[in-house]
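Engineer: Please read through the structure below; I'll follow up with questions.
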Amino acid sequence: MLLFDIDGVIRDVAGSYRRALAETVHHFSGWRPDPGLIDGLKAEGHWNNDWEASLELLRRHGHQPLPAFERLVEVFSGFYFGGDPEGDPSQWRGFIGSEPLLVERSFFERLGGAGLAWGFVSGAEPPSARYVLAQRLRLVDPPLIAMGDAPDKPDPTGLLQLARALAACELGPQAPPVAYLGDTVADVLTVVRARQACPHQRFLALAVAPPHLHHDPAARQAYEQRLRAAGADAVLPATTAVVAALERLLPTEPEPLLSAPWPPRP
Ligand SMILES: [Mg+2]
């Protein structure tokens, strides 16, 4: 089965989440962190949550006093959604409106056609994750673990939860291999920790550099090196290369596996 991170893998968030992070820091401090600094923070492996990452950048920049967390979330949300996150997406006026997709709907049809179960494990807020999957990609009831459904990555709880639901059996030698494709060190570490939690289950950590690095070969190479050092089994040139990578890494044809009902029934 193939599980995906969303931001940087399914959609380009350089002009949305990452921009909202920079603008939120600027709003409070008058200082705007550059993309390389945000990448450096993310490379530490535990700043997956962009609200906490914003606060951490303010802290490291020496900004005092730090804003209340709720206030920071409100400002961030204003930049990102520009409207009520729980409301009608057509009313949103924020950066979320400018997120290039990195795959098309037909990509998922091909995965299904190849007998691969697929789903999403993301730290994005549920309305944002649902927006890209259901509205933009028109996927019907996509299996999804989003922010609040499980602890933040690199905690593997969400990944294991979705893998179990899609395998419809206990994880272990009898379950199909679980591949997870993400774009950060935290994503790779999530798989490393899942492996520690379930040593008899086969896991693959696949990684791809986020699109904002694709036009900067030196930065991309350094970033990909950090993904490998964290434990990535393969670094892909693009999300669409994932099926070819799986065929290379799992040379025997994986057992066709149909999706279990989602959400899982008790
Ligand atoms: Mg991501």
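Ordering of the structure tokens sets the chain letters (A, B, ...); residue numbers start at 1 within each chain; ligands are numbered from 1 in the order shown.
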Write out as a PDB file with C-alpha atoms, in the first residue's frame each polymer residue (protein, DNA or RNA) that has an atom no more than 7 Å from ligand 1, with only C-alpha atoms and all ligand atoms counted.
Structural biologist:
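Result went into part.pdb, see below:
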```pdb
ATOM      1  CA  ASP A   5       2.002  13.124   2.877  1.00  0.00           C
ATOM      2  CA  ILE A   6       0.067  16.000   1.268  1.00  0.00           C
ATOM      3  CA  ASP A   7       2.027  19.250   1.496  1.00  0.00           C
ATOM      4  CA  GLY A   8       5.031  19.285  -0.831  1.00  0.00           C
ATOM      5  CA  VAL A   9       3.981  15.886  -2.230  1.00  0.00           C
ATOM      6  CA  GLY A 182       6.825  12.476   2.263  1.00  0.00           C
ATOM      7  CA  ASP A 183       8.972  15.542   1.703  1.00  0.00           C
ATOM      8  CA  THR A 184      10.556  16.210   5.100  1.00  0.00           C
TER       9      THR A 184
END
```
Engineer: Neighbouring residues of A:Pro89 were defined as those with any atom within 12 Å, considering only C-alpha atoms; residues of the same chain fewer than 4 positions away were excluded. Please report them as a list in words.
Structural biologist: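 Listing them by chain and then by number gives Tyr80, Phe81, Gly82, Gly83, Asp84, Pro85, Arg93, Gly94, Ile96, Gly97, Pro127, Ser128, Ala129, Arg130, Tyr131, Val132, Ala134, Gln135 and Arg136 of chain A.
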Engineer: Write out as a ChimeraX atom specification the set of residues from stretch 16-260 of chain A that DSSP, computed on the backbone, places in strand (DSSP E).
Structural biologist: /A:118-121,144-145,178-182,203-208,234-236
Engineer: Using the selection just defined, write its residues with N, CA and C atoms as a CSV table (one decimal), in the first residue's frame.
Structural biologist:
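Generated output (part.csv):
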```
chain,number,residue,atom,x,y,z
A,118,TRP,N,-4.3,3.1,-1.3
A,118,TRP,CA,-3.6,4.4,-1.0
A,118,TRP,C,-4.4,5.2,0.0
A,119,GLY,N,-3.7,6.1,0.6
A,119,GLY,CA,-4.3,7.1,1.6
A,119,GLY,C,-3.3,8.1,1.9
A,120,PHE,N,-3.8,9.0,2.9
A,120,PHE,CA,-3.0,10.2,3.2
A,120,PHE,C,-2.8,10.3,4.7
A,121,VAL,N,-1.6,10.6,5.1
A,121,VAL,CA,-1.2,11.0,6.5
A,121,VAL,C,-0.6,12.3,6.4
A,144,LEU,N,-7.9,9.3,5.1
A,144,LEU,CA,-7.1,10.5,5.5
A,144,LEU,C,-6.9,10.5,7.0
A,145,ILE,N,-5.7,10.7,7.4
A,145,ILE,CA,-5.4,11.1,8.8
A,145,ILE,C,-4.8,12.5,8.7
A,178,VAL,N,4.2,-1.4,3.4
A,178,VAL,CA,3.6,-0.1,3.6
A,178,VAL,C,4.7,0.9,3.2
A,179,ALA,N,4.4,1.6,2.1
A,179,ALA,CA,5.3,2.7,1.6
A,179,ALA,C,4.7,4.0,2.0
A,180,TYR,N,5.5,4.9,2.5
A,180,TYR,CA,5.0,6.3,2.8
A,180,TYR,C,5.9,7.3,2.0
A,181,LEU,N,5.3,8.2,1.3
A,181,LEU,CA,6.0,9.2,0.5
A,181,LEU,C,5.8,10.6,1.2
A,182,GLY,N,6.9,11.2,1.6
A,182,GLY,CA,6.8,12.5,2.3
A,182,GLY,C,7.9,13.4,1.7
A,203,PHE,N,8.2,-1.8,5.9
A,203,PHE,CA,7.9,-0.4,5.6
A,203,PHE,C,9.0,0.2,4.6
A,204,LEU,N,8.6,1.1,3.8
A,204,LEU,CA,9.5,1.8,2.9
A,204,LEU,C,9.3,3.3,3.1
A,205,ALA,N,10.4,4.0,3.4
A,205,ALA,CA,10.4,5.4,3.5
A,205,ALA,C,10.8,6.0,2.1
A,206,LEU,N,9.8,6.6,1.4
A,206,LEU,CA,10.1,7.2,0.2
A,206,LEU,C,10.1,8.7,0.4
A,207,ALA,N,10.9,9.5,-0.3
A,207,ALA,CA,11.0,10.9,-0.1
A,207,ALA,C,11.2,11.6,-1.4
A,208,VAL,N,10.7,12.9,-1.4
A,208,VAL,CA,10.8,13.7,-2.6
A,208,VAL,C,11.1,15.1,-2.1
A,234,ALA,N,14.5,5.6,-0.6
A,234,ALA,CA,14.7,6.2,-2.0
A,234,ALA,C,14.3,7.6,-2.0
A,235,VAL,N,15.0,8.4,-2.7
A,235,VAL,CA,14.6,9.8,-3.0
A,235,VAL,C,14.1,9.9,-4.4
A,236,LEU,N,12.9,10.3,-4.6
A,236,LEU,CA,12.3,10.3,-6.0
A,236,LEU,C,12.5,11.7,-6.6
```
Engineer: For A:Ala219, please output as a PyMOL selection string all residues within 10 Å (counting only C-alpha atoms; exclusion window: fewer than 5 positions along the same chain).
Structural biologist: chain A and resi 36+39+209+212-214+224-225
Engineer: Please produce a file of the residues just selected, as a compact mmCIF listing (two decimals), in the first residue's frame, where the atoms kept are C-alpha atoms.
Structural biologist:
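So part_29.txt came out as:
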```txt
# COMPACT_ATOMS: atom_id res chain seq x y z
CA GLY A 36 16.28 28.47 3.33
CA ASP A 39 13.99 24.48 5.31
CA ALA A 209 12.26 17.24 -2.26
CA HIS A 212 10.37 25.08 -4.26
CA LEU A 213 13.81 23.37 -4.29
CA HIS A 214 13.50 21.93 -7.78
CA GLU A 224 17.96 15.22 -0.46
CA GLN A 225 21.13 14.25 1.36
```
Engineer: Sorted by chain and rising residue number, which residues of stretch 46-129 of chain A lie within 7 Å of stretch 23-31 of chain A, and what are their closest atom pairs and distances in Å to one decimal, counting only C-alpha atoms, as CSV?
Structural biologist:
```
residue,atom,partner,partner_atom,distance
A:Ser54,CA,A:Val25,CA,5.9
A:Leu58,CA,A:Val25,CA,6.2
A:His63,CA,A:Ser29,CA,6.4
A:Val75,CA,A:Thr24,CA,6.4
A:Phe76,CA,A:Thr24,CA,5.5
```
Engineer: Which residue out of A:Pro199, A:Pro173, A:Gly123, A:Pro210 has the minimum interatomic distance to A:Asp152 when only C-alpha atoms are used?
Structural biologist: A:Gly123
Engineer: Give the alpha helix (DSSP H) residues of stretch 116-243 of chain A, as DSSP finds them on the backbone, and put them as a PyMOL selection string.
Structural biologist: chain A and resi 126-130+157-167+185-197+217-230+242-243
Engineer: Using C-alpha atoms, can you write the selected residues to a file as a PDB file, in the first residue's frame?
Structural biologist:
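This went into result33.pdb:
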```pdb
ATOM      1  CA  PRO A 126      -8.605  18.836   8.173  1.00  0.00           C
ATOM      2  CA  PRO A 127     -10.439  21.558   6.168  1.00  0.00           C
ATOM      3  CA  SER A 128      -7.291  22.227   4.155  1.00  0.00           C
ATOM      4  CA  ALA A 129      -6.569  18.523   3.547  1.00  0.00           C
ATOM      5  CA  ARG A 130     -10.197  17.857   2.564  1.00  0.00           C
ATOM      6  CA  THR A 157       0.578   6.581  15.385  1.00  0.00           C
ATOM      7  CA  GLY A 158      -1.362   8.065  12.454  1.00  0.00           C
ATOM      8  CA  LEU A 159       0.627   6.155   9.851  1.00  0.00           C
ATOM      9  CA  LEU A 160       0.138   2.867  11.716  1.00  0.00           C
ATOM     10  CA  GLN A 161      -3.560   3.572  12.213  1.00  0.00           C
ATOM     11  CA  LEU A 162      -4.209   4.150   8.526  1.00  0.00           C
ATOM     12  CA  ALA A 163      -1.973   1.245   7.452  1.00  0.00           C
ATOM     13  CA  ARG A 164      -3.927  -1.116   9.718  1.00  0.00           C
ATOM     14  CA  ALA A 165      -7.255   0.151   8.422  1.00  0.00           C
ATOM     15  CA  LEU A 166      -6.243  -0.268   4.769  1.00  0.00           C
ATOM     16  CA  ALA A 167      -4.589  -3.652   5.329  1.00  0.00           C
ATOM     17  CA  VAL A 185      12.928  14.619   7.571  1.00  0.00           C
ATOM     18  CA  ALA A 186       9.943  14.275   9.940  1.00  0.00           C
ATOM     19  CA  ASP A 187       8.157  12.153   7.310  1.00  0.00           C
ATOM     20  CA  VAL A 188      11.150   9.837   6.974  1.00  0.00           C
ATOM     21  CA  LEU A 189      11.498   9.595  10.759  1.00  0.00           C
ATOM     22  CA  THR A 190       7.813   8.684  10.986  1.00  0.00           C
ATOM     23  CA  VAL A 191       8.550   5.534   8.962  1.00  0.00           C
ATOM     24  CA  VAL A 192      11.721   4.799  10.934  1.00  0.00           C
ATOM     25  CA  ARG A 193       9.646   4.914  14.133  1.00  0.00           C
ATOM     26  CA  ALA A 194       6.815   2.880  12.640  1.00  0.00           C
ATOM     27  CA  ARG A 195       9.390   0.203  11.850  1.00  0.00           C
ATOM     28  CA  GLN A 196      10.593   0.247  15.447  1.00  0.00           C
ATOM     29  CA  ALA A 197       7.001  -0.092  16.666  1.00  0.00           C
ATOM     30  CA  PRO A 217      20.111  22.170  -7.713  1.00  0.00           C
ATOM     31  CA  ALA A 218      22.622  22.806  -4.909  1.00  0.00           C
ATOM     32  CA  ALA A 219      19.955  23.357  -2.246  1.00  0.00           C
ATOM     33  CA  ARG A 220      17.998  20.393  -3.542  1.00  0.00           C
ATOM     34  CA  GLN A 221      21.017  18.103  -3.394  1.00  0.00           C
ATOM     35  CA  ALA A 222      21.773  19.142   0.195  1.00  0.00           C
ATOM     36  CA  TYR A 223      18.118  18.657   1.161  1.00  0.00           C
ATOM     37  CA  GLU A 224      17.956  15.219  -0.460  1.00  0.00           C
ATOM     38  CA  GLN A 225      21.131  14.249   1.360  1.00  0.00           C
ATOM     39  CA  ARG A 226      19.416  15.079   4.657  1.00  0.00           C
ATOM     40  CA  LEU A 227      16.435  12.908   3.667  1.00  0.00           C
ATOM     41  CA  ARG A 228      18.793   9.984   2.932  1.00  0.00           C
ATOM     42  CA  ALA A 229      20.720  10.542   6.154  1.00  0.00           C
ATOM     43  CA  ALA A 230      17.433  10.407   8.084  1.00  0.00           C
ATOM     44  CA  VAL A 242       6.498   6.637  -7.116  1.00  0.00           C
ATOM     45  CA  VAL A 243       5.116   3.603  -8.939  1.00  0.00           C
TER      46      VAL A 243
END
```
